[in-house]
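What follows is target02.cif (mmCIF, C-alpha atoms).
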data_work
loop_
_atom_site.label_atom_id
_atom_site.label_comp_id
_atom_site.auth_asym_id
_atom_site.auth_seq_id
_atom_site.Cartn_x
_atom_site.Cartn_y
_atom_site.Cartn_z
CA MET A 82 120.29 126.99 128.15
CA THR A 83 120.27 125.25 124.79
CA GLU A 84 122.51 122.21 124.56
CA THR A 85 124.16 121.56 121.23
CA TYR A 86 124.42 118.22 119.46
CA GLU A 87 125.52 117.30 116.01
CA VAL A 88 122.50 115.03 115.55
CA VAL A 89 119.23 114.59 117.41
CA VAL A 90 117.28 111.39 116.73
CA VAL A 91 113.58 111.50 117.59
CA GLY A 92 112.38 107.98 118.28
CA GLY A 93 114.16 105.12 120.01
CA GLY A 94 112.91 102.14 118.04
CA ALA A 95 114.87 100.00 115.60
CA ALA A 96 115.37 102.81 113.08
CA GLY A 97 116.34 105.47 115.61
CA LEU A 98 118.71 103.23 117.57
CA SER A 99 120.33 101.96 114.38
CA ALA A 100 120.98 105.50 113.15
CA ALA A 101 122.33 106.44 116.58
CA LEU A 102 124.63 103.42 116.64
CA VAL A 103 126.23 104.39 113.33
CA LEU A 104 126.56 108.01 114.41
CA GLY A 105 128.03 107.09 117.78
CA ARG A 106 130.61 104.88 116.13
CA ALA A 107 131.40 107.80 113.81
CA ARG A 108 132.14 109.89 116.94
CA ARG A 109 129.20 112.23 116.41
CA ARG A 110 127.67 113.88 119.47
CA THR A 111 124.19 112.36 119.28
CA LEU A 112 121.03 112.53 121.38
CA VAL A 113 118.14 110.07 121.10
CA VAL A 114 114.77 111.29 122.39
CA ASP A 115 112.51 108.31 123.05
CA ALA A 116 108.88 108.59 124.13
CA GLY A 117 108.85 104.86 124.94
CA GLU A 118 105.86 103.90 122.79
CA PRO A 119 107.07 101.25 120.31
CA ARG A 120 104.52 100.05 117.78
CA ASN A 121 105.28 96.37 118.41
CA ALA A 122 104.99 96.56 122.20
CA PRO A 123 101.92 94.24 122.28
CA SER A 124 103.89 91.43 120.63
CA ALA A 125 105.74 88.86 122.70
CA HIS A 126 108.26 88.25 119.94
CA MET A 127 109.49 89.53 116.59
CA GLN A 128 110.36 87.34 113.64
CA GLY A 129 112.34 87.39 110.43
CA TYR A 130 115.32 89.36 111.74
CA LEU A 131 118.35 87.19 111.06
CA SER A 132 120.11 86.29 114.35
CA ARG A 133 117.26 87.91 116.33
CA ASP A 134 114.38 85.69 115.25
CA GLY A 135 112.01 85.14 118.16
CA MET A 136 113.53 87.84 120.38
CA SER A 137 111.04 89.94 122.32
CA PRO A 138 110.74 93.56 121.15
CA ALA A 139 111.49 94.78 124.67
CA GLU A 140 114.71 92.78 124.85
CA PHE A 141 115.74 93.94 121.38
CA LEU A 142 115.37 97.60 122.38
CA ALA A 143 117.15 97.06 125.69
CA VAL A 144 120.15 95.55 123.88
CA GLY A 145 120.11 98.41 121.39
CA ARG A 146 120.17 101.01 124.16
CA GLU A 147 123.14 99.30 125.75
CA GLU A 148 124.99 99.26 122.43
CA ILE A 149 124.57 102.97 121.66
CA ALA A 150 125.63 103.86 125.20
CA ARG A 151 129.04 102.24 124.55
CA TYR A 152 129.74 104.94 121.99
CA GLY A 153 128.68 107.89 124.10
CA VAL A 154 125.23 108.37 122.58
CA GLU A 155 122.85 109.97 125.07
CA LEU A 156 119.30 108.67 125.33
CA VAL A 157 116.52 110.42 127.24
CA ARG A 158 112.97 109.26 127.89
CA ASP A 159 111.10 112.34 126.75
CA ARG A 160 108.88 113.68 124.00
CA VAL A 161 109.51 116.36 121.41
CA VAL A 162 106.79 119.01 121.62
CA ASP A 163 108.17 121.55 119.17
CA ALA A 164 110.94 122.01 116.63
CA THR A 165 112.06 124.78 114.35
CA GLY A 166 114.70 124.78 111.68
CA ASP A 167 116.92 127.38 110.07
CA GLU A 168 120.61 126.65 109.66
CA ASP A 169 120.31 124.31 112.65
CA PHE A 170 117.31 122.72 114.32
CA THR A 171 116.00 123.79 117.72
CA VAL A 172 114.13 121.01 119.49
CA VAL A 173 111.95 121.53 122.58
CA LEU A 174 111.21 118.57 124.85
CA ALA A 175 108.21 118.03 127.11
CA SER A 176 110.51 118.25 130.14
CA GLY A 177 111.32 121.84 129.20
CA ARG A 178 114.77 121.00 127.90
CA THR A 179 115.83 122.69 124.65
CA VAL A 180 118.52 121.27 122.39
CA SER A 181 119.92 122.18 119.00
CA ALA A 182 121.23 119.93 116.25
CA ARG A 183 122.85 120.33 112.86
CA GLN A 184 120.91 117.31 111.58
CA LEU A 185 117.59 115.87 112.76
CA VAL A 186 116.37 112.28 112.29
CA VAL A 187 112.65 111.59 112.68
CA ALA A 188 112.05 107.92 113.50
CA THR A 189 108.70 108.27 115.25
CA GLY A 190 107.06 105.39 113.39
CA LEU A 191 103.31 105.00 113.20
CA LYS A 192 100.41 103.83 115.31
CA ASP A 193 97.94 101.07 114.51
CA LYS A 194 94.27 102.08 114.72
CA LEU A 195 92.42 98.81 115.22
CA PRO A 196 88.95 98.00 113.89
CA PRO A 197 86.40 99.00 116.57
CA VAL A 198 85.19 95.47 117.25
CA PRO A 199 84.93 94.40 120.91
CA GLY A 200 87.67 91.96 121.86
CA ILE A 201 90.20 92.88 119.20
CA ALA A 202 92.29 95.34 121.19
CA GLU A 203 92.59 92.95 124.14
CA ARG A 204 94.00 90.14 121.97
CA PHE A 205 96.05 92.22 119.52
CA GLY A 206 99.63 91.03 119.18
CA ARG A 207 98.79 87.56 120.50
CA ASP A 208 96.11 85.72 118.52
CA VAL A 209 94.64 88.80 116.86
CA ILE A 210 97.43 89.63 114.43
CA HIS A 211 98.02 91.58 111.24
CA CYS A 212 101.11 90.28 109.44
CA PRO A 213 101.65 86.67 108.34
CA TYR A 214 105.38 87.28 107.93
CA CYS A 215 105.51 88.42 111.56
CA HIS A 216 103.21 85.79 113.08
CA GLY A 217 102.24 83.28 110.40
CA TRP A 218 104.63 80.52 111.46
CA GLU A 219 103.42 80.65 115.06
CA ALA A 220 99.78 80.61 113.85
CA ARG A 221 100.29 77.89 111.24
CA ASP A 222 97.68 75.18 110.69
CA ARG A 223 95.23 76.78 113.11
CA ALA A 224 91.60 77.68 112.51
CA THR A 225 92.08 81.16 111.08
CA GLY A 226 89.86 84.12 110.37
CA VAL A 227 90.52 87.28 108.38
CA LEU A 228 88.48 90.40 109.14
CA ALA A 229 87.87 92.49 106.04
CA SER A 230 88.28 96.23 106.42
CA SER A 231 88.08 96.96 102.68
CA PRO A 232 88.04 95.02 99.40
CA MET A 233 91.86 95.10 99.63
CA SER A 234 91.57 92.62 102.49
CA VAL A 235 91.13 89.90 99.88
CA HIS A 236 94.89 90.04 99.39
CA GLN A 237 95.45 89.40 103.10
CA ALA A 238 93.05 86.46 103.10
CA LEU A 239 94.82 84.89 100.14
CA MET A 240 98.27 85.41 101.67
CA VAL A 241 97.23 83.76 104.92
CA THR A 242 96.46 80.49 103.10
CA GLN A 243 100.21 79.90 102.85
CA TRP A 244 100.15 79.23 106.61
CA SER A 245 96.70 77.71 107.15
CA LYS A 246 94.25 75.85 104.94
CA ASP A 247 91.34 76.55 107.29
CA VAL A 248 90.63 80.21 106.54
CA ARG A 249 87.33 82.04 106.84
CA PHE A 250 87.10 85.51 105.33
CA PHE A 251 84.67 87.63 107.37
CA LEU A 252 83.41 90.37 105.07
CA HIS A 253 82.28 92.49 108.02
CA GLU A 254 81.50 95.90 106.47
CA VAL A 255 82.46 94.85 102.92
CA ARG A 256 79.54 93.96 100.68
CA GLU A 257 79.68 90.77 98.65
CA THR A 258 79.10 92.85 95.53
CA GLU A 259 82.39 94.65 96.16
CA LEU A 260 84.30 91.42 95.46
CA THR A 261 85.39 91.14 91.86
CA ASP A 262 85.00 87.97 89.82
CA GLU A 263 88.76 87.50 90.04
CA ASP A 264 88.58 87.84 93.84
CA ARG A 265 85.95 85.12 93.99
CA ARG A 266 87.89 82.78 91.73
CA ARG A 267 91.09 83.20 93.71
CA LEU A 268 89.36 82.79 97.08
CA ALA A 269 87.67 79.61 95.86
CA ALA A 270 90.93 78.26 94.44
CA ALA A 271 92.66 78.92 97.76
CA GLY A 272 89.90 77.16 99.71
CA VAL A 273 88.87 80.31 101.62
CA THR A 274 85.34 80.31 103.01
CA VAL A 275 83.68 83.72 102.52
CA VAL A 276 81.41 84.70 105.43
CA PRO A 277 79.08 87.67 104.82
CA GLY A 278 77.71 89.79 107.63
CA ALA A 279 79.14 92.15 110.22
CA VAL A 280 81.33 90.86 113.06
CA ALA A 281 79.94 91.91 116.44
CA GLU A 282 82.55 90.51 118.80
CA VAL A 283 85.75 88.53 119.10
CA LEU A 284 85.36 85.81 121.71
CA ALA A 285 88.02 84.61 124.14
CA GLY A 286 88.32 82.32 127.13
CA GLU A 287 91.16 81.03 129.28
CA ASP A 288 93.41 83.70 127.75
CA ARG A 289 92.98 82.54 124.17
CA LEU A 290 90.84 83.48 121.21
CA THR A 291 87.96 81.04 120.76
CA GLY A 292 85.76 82.46 118.05
CA VAL A 293 84.05 85.24 116.16
CA ARG A 294 80.42 86.17 116.74
CA LEU A 295 78.47 87.82 113.93
CA ALA A 296 75.77 90.45 114.40
CA ASP A 297 73.10 87.80 113.69
CA GLY A 298 74.39 85.73 116.62
CA THR A 299 76.20 83.11 114.57
CA VAL A 300 79.47 81.98 116.15
CA HIS A 301 82.44 80.72 114.15
CA ASP A 302 85.06 78.83 116.11
CA ARG A 303 88.45 80.38 115.35
CA GLU A 304 91.84 80.31 117.03
CA VAL A 305 93.50 83.15 115.14
CA LEU A 306 92.13 86.33 113.59
CA TYR A 307 94.02 88.53 111.13
CA VAL A 308 93.01 92.18 110.99
CA ALA A 309 94.22 95.17 109.00
CA PRO A 310 94.80 98.12 111.34
CA ARG A 311 94.70 101.58 109.84
CA ALA A 312 98.20 103.03 109.89
CA VAL A 313 98.42 106.48 111.47
CA PRO A 314 101.80 108.02 110.58
CA GLN A 315 103.44 109.97 113.40
CA ASN A 316 104.40 112.77 111.05
CA ASP A 317 103.51 115.90 113.05
CA LEU A 318 107.15 116.87 113.47
CA LEU A 319 107.86 116.47 109.77
CA VAL A 320 104.83 118.61 108.91
CA ARG A 321 105.87 121.27 111.41
CA LEU A 322 109.29 121.50 109.82
CA GLY A 323 107.89 121.80 106.30
CA ALA A 324 108.73 118.40 104.81
CA GLU A 325 106.82 117.59 101.64
CA LEU A 326 104.47 114.61 102.04
CA ARG A 327 103.16 112.08 99.55
CA GLU A 328 99.75 110.46 99.79
CA THR A 329 99.63 106.66 99.83
CA PRO A 330 96.81 104.15 100.44
CA PHE A 331 98.27 103.82 103.96
CA GLY A 332 98.57 107.49 104.89
CA SER A 333 100.82 110.50 104.31
CA PHE A 334 104.55 109.85 104.32
CA PRO A 335 107.48 112.17 103.60
CA VAL A 336 109.08 112.48 100.21
CA ILE A 337 112.62 111.16 100.73
CA ASP A 338 115.64 110.24 98.66
CA GLU A 339 117.24 106.80 98.74
CA ARG A 340 119.13 107.72 101.93
CA GLY A 341 116.14 109.03 103.86
CA LEU A 342 116.67 112.78 103.38
CA THR A 343 113.41 114.73 103.19
CA THR A 344 112.82 117.85 101.11
CA VAL A 345 114.07 119.93 104.07
CA PRO A 346 117.89 120.12 104.24
CA GLY A 347 119.23 118.28 107.28
CA LEU A 348 115.88 116.62 108.07
CA TRP A 349 115.79 112.83 107.73
CA ALA A 350 113.09 110.18 108.08
CA ALA A 351 113.73 106.53 108.90
CA GLY A 352 111.74 103.40 109.69
CA ASN A 353 107.94 103.58 109.62
CA ALA A 354 108.16 107.38 109.69
CA SER A 355 109.36 107.02 106.10
CA GLY A 356 106.92 104.37 104.87
CA PHE A 357 104.24 101.89 105.88
CA ALA A 358 105.82 98.52 105.17
CA GLU A 359 109.04 98.70 107.18
CA GLN A 360 109.49 95.56 109.29
CA VAL A 361 111.98 95.74 112.18
CA VAL A 362 114.88 94.56 110.04
CA ASN A 363 113.98 97.06 107.30
CA ALA A 364 113.62 99.88 109.82
CA ALA A 365 117.05 99.12 111.25
CA SER A 366 118.49 99.15 107.73
CA ARG A 367 116.86 102.51 107.01
CA GLY A 368 118.33 103.90 110.21
CA TYR A 369 121.79 102.60 109.36
CA ARG A 370 121.66 104.14 105.90
CA ALA A 371 120.53 107.51 107.27
CA GLY A 372 123.20 107.50 109.97
CA ALA A 373 125.99 106.83 107.48
CA ALA A 374 124.70 109.48 105.09
CA ILE A 375 124.45 112.06 107.87
CA ASN A 376 128.02 111.48 108.94
CA GLY A 377 129.14 112.08 105.36
CA GLU A 378 127.04 115.24 105.10
CA LEU A 379 128.57 116.65 108.28
CA LEU A 380 132.11 115.69 107.33
CA PHE A 381 132.05 117.33 103.92
CA ALA A 382 130.17 120.40 105.18
CA ASP A 383 132.96 120.97 107.70
CA LEU A 384 135.66 120.40 105.09
CA ASP A 385 134.02 122.82 102.66
CA ALA A 386 133.72 125.41 105.43
CA ALA A 387 137.41 125.01 106.22
CA VAL A 388 138.34 125.48 102.57
CA ARG A 389 136.38 128.75 102.43
CA VAL A 390 138.21 130.21 105.44
#

Write-out of the structure in structure tokens:
Amino acid sequence: MTETYEVVVVGGGAAGLSAALVLGRARRRTLVVDAGEPRNAPSAHMQGYLSRDGMSPAEFLAVGREEIARYGVELVRDRVVDATGDEDFTVVLASGRTVSARQLVVATGLKDKLPPVPGIAERFGRDVIHCPYCHGWEARDRATGVLASSPMSVHQALMVTQWSKDVRFFLHEVRETELTDEDRRRLAAAGVTVVPGAVAEVLAGEDRLTGVRLADGTVHDREVLYVAPRAVPQNDLLVRLGAELRETPFGSFPVIDERGLTTVPGLWAAGNASGFAEQVVNAASRGYRAGAAINGELLFADLDAAVRV
């Protein structure tokens, strides 16, 4: 049997839960399908969310689940394996359950593909970090490294100097000749030490990062290392349903309007499924906006249908 909902939300992170909260409060029959794989799971805390600064991501999601339940929103731990769309959407879950929805929200986020350097994955989210706005305060005034993944990493190295004045920029696979004259001037002005050569390993001891070892054996004592993971958008569902994508330096993301509606009627994208740079607070905002817009779409569609009768 196919169960019918007004809205199905795929993804139970900040964006998906926020959309579901708005829809639940608008008395819409809503289902959230959550695979339970949040991007920020490795982090012990999240920052910059007013009134939630320092809260653990796990606690944040637990509170969000409790809130949507108050309004009758159903949440299942499952995965969407297929979806088709015509007038309504038919969504197939890994458990074998099939549901239909008038509107579908994709809030599946993205995954971080880390540089393949030994030691990085084990420390990621603690003292191997990627965002100074997320972790810079906690890592302030510590011996800091930045691992270059492309010439664009110069920007990251310069930004980090707002939080630490002891910054070493490990070029890794970037050649010195790839740095522009402007890059060199800015790095020098910021007091960043440029270290050529490939990084072979990130060192740790007593559950803390202790240094970076280069391929030539040289060891640089460091307490914090910034990296730039490659963003892998979780956009399979959007592609399957025919949403138009746009290419960005950070991957393929859906073409959306200011509310989050894709080029497919009734198909919405929110959070990091809609763009690369959505922090938790931004993702929640995107979800809220989509939820409110969806309620309006459903309301006026029903009114127009009643007028035609």

>> Assuming the chain letters and numbering stay as they are in my file, what does the PyMOL selection byres ((chain A and resi 310) around 7) actually select? List them as a PyMOL selection string.
In response: chain A and resi 193-196+308-309+311-312

Each stretch 264-360 of chain A residue no farther than 9 Å from stretch 200-212 of chain A, nearest pair in Å, only C-alpha atoms, as a tab-separated table:
residue	atom	partner	partner_atom	distance
A:Glu282	CA	A:Gly200	CA	6.1
A:Val283	CA	A:Gly200	CA	4.8
A:Leu284	CA	A:Gly200	CA	6.6
A:Ala285	CA	A:Gly200	CA	7.7
A:Asp288	CA	A:Arg204	CA	8.7
A:Arg289	CA	A:Asp208	CA	7.2
A:Leu290	CA	A:Asp208	CA	6.3
A:Glu304	CA	A:Asp208	CA	7.1
A:Val305	CA	A:Asp208	CA	5.0
A:Leu306	CA	A:Val209	CA	4.8
A:Tyr307	CA	A:Ile210	CA	4.9
A:Val308	CA	A:His211	CA	5.1
A:Ala309	CA	A:His211	CA	5.7
A:Pro310	CA	A:His211	CA	7.3

For C-alpha atoms, I'd like the residues from the last selection saved as a CSV table (one decimal), in the frame of the given file.
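To be explicit, this is the file written out as out-v7.csv:
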chain,number,residue,atom,x,y,z
A,282,GLU,CA,82.6,90.5,118.8
A,283,VAL,CA,85.8,88.5,119.1
A,284,LEU,CA,85.4,85.8,121.7
A,285,ALA,CA,88.0,84.6,124.1
A,288,ASP,CA,93.4,83.7,127.8
A,289,ARG,CA,93.0,82.5,124.2
A,290,LEU,CA,90.8,83.5,121.2
A,304,GLU,CA,91.8,80.3,117.0
A,305,VAL,CA,93.5,83.2,115.1
A,306,LEU,CA,92.1,86.3,113.6
A,307,TYR,CA,94.0,88.5,111.1
A,308,VAL,CA,93.0,92.2,111.0
A,309,ALA,CA,94.2,95.2,109.0
A,310,PRO,CA,94.8,98.1,111.3

> So how far away is atom CA of A:Arg158 from atom CA of A:Val114, in Å?
Replying inline: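 About the pair atom CA of A:Val114 and atom CA of A:Arg158: they are 6.1 Å apart.
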
>> Which residues, named as in the file, does the PyMOL selection byres ((chain A and resi 353) around 9) pick out? Answer as a list in words.
In response: Ala96, Ala188, Thr189, Gly190, Leu191, Pro314, Gln315, Phe334, Ala350, Ala351, Gly352, Ala354, Ser355, Gly356, Phe357, Ala358, Glu359, Gln360 and Ala364 of chain A

> Could you name the residues that touch stretch 137-146 of chain A at 9 Å or less, counting only C-alpha atoms, but leaving out those on the same chain fewer than 4 positions away, as a PyMOL selection string?
Replying inline: chain A and resi 93-95+98-99+102+119+121-127+133+150-151+156

Residue subset to file, keeping C-alpha atoms, as a tab-separated table (two decimals), keeping the file's coordinate frame:
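Output (selection_36.tsv):
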chain	number	residue	atom	x	y	z
A	93	GLY	CA	114.16	105.12	120.01
A	94	GLY	CA	112.91	102.14	118.04
A	95	ALA	CA	114.87	100.00	115.60
A	98	LEU	CA	118.71	103.23	117.57
A	99	SER	CA	120.33	101.96	114.38
A	102	LEU	CA	124.63	103.42	116.64
A	119	PRO	CA	107.07	101.25	120.31
A	121	ASN	CA	105.28	96.37	118.41
A	122	ALA	CA	104.99	96.56	122.20
A	123	PRO	CA	101.92	94.24	122.28
A	124	SER	CA	103.89	91.43	120.63
A	125	ALA	CA	105.74	88.86	122.70
A	126	HIS	CA	108.26	88.25	119.94
A	127	MET	CA	109.49	89.53	116.59
A	133	ARG	CA	117.26	87.91	116.33
A	150	ALA	CA	125.63	103.86	125.20
A	151	ARG	CA	129.04	102.24	124.55
A	156	LEU	CA	119.30	108.67	125.33

> Evaluating the PyMOL selection byres ((chain A and resi 326) around 10) on the displayed file yields which residues, as a list of chain:residue names?
Replying inline: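 Checked against the file, the PyMOL selection byres ((chain A and resi 326) around 10) matches A:Asn316, A:Leu319, A:Val320, A:Gly323, A:Ala324, A:Glu325, A:Arg327, A:Glu328, A:Thr329, A:Gly332, A:Ser333, A:Phe334, A:Pro335, A:Val336, A:Ile337, A:Thr343, A:Thr344, A:Ser355.
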
> With all atoms listed in the file as the atoms that count, which of A:Asp385, A:Asp222, A:Glu378, A:Glu147 lies nearest to A:Glu87?
Replying inline: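 Of A:Asp385, A:Asp222, A:Glu378, A:Glu147, the one nearest A:Glu87, counting all atoms listed in the file, is A:Glu378.
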
>> One number please: atom CA of A:Leu318 to atom CA of A:Asp115, in Å, one decimal.
In response: 13.9 Å
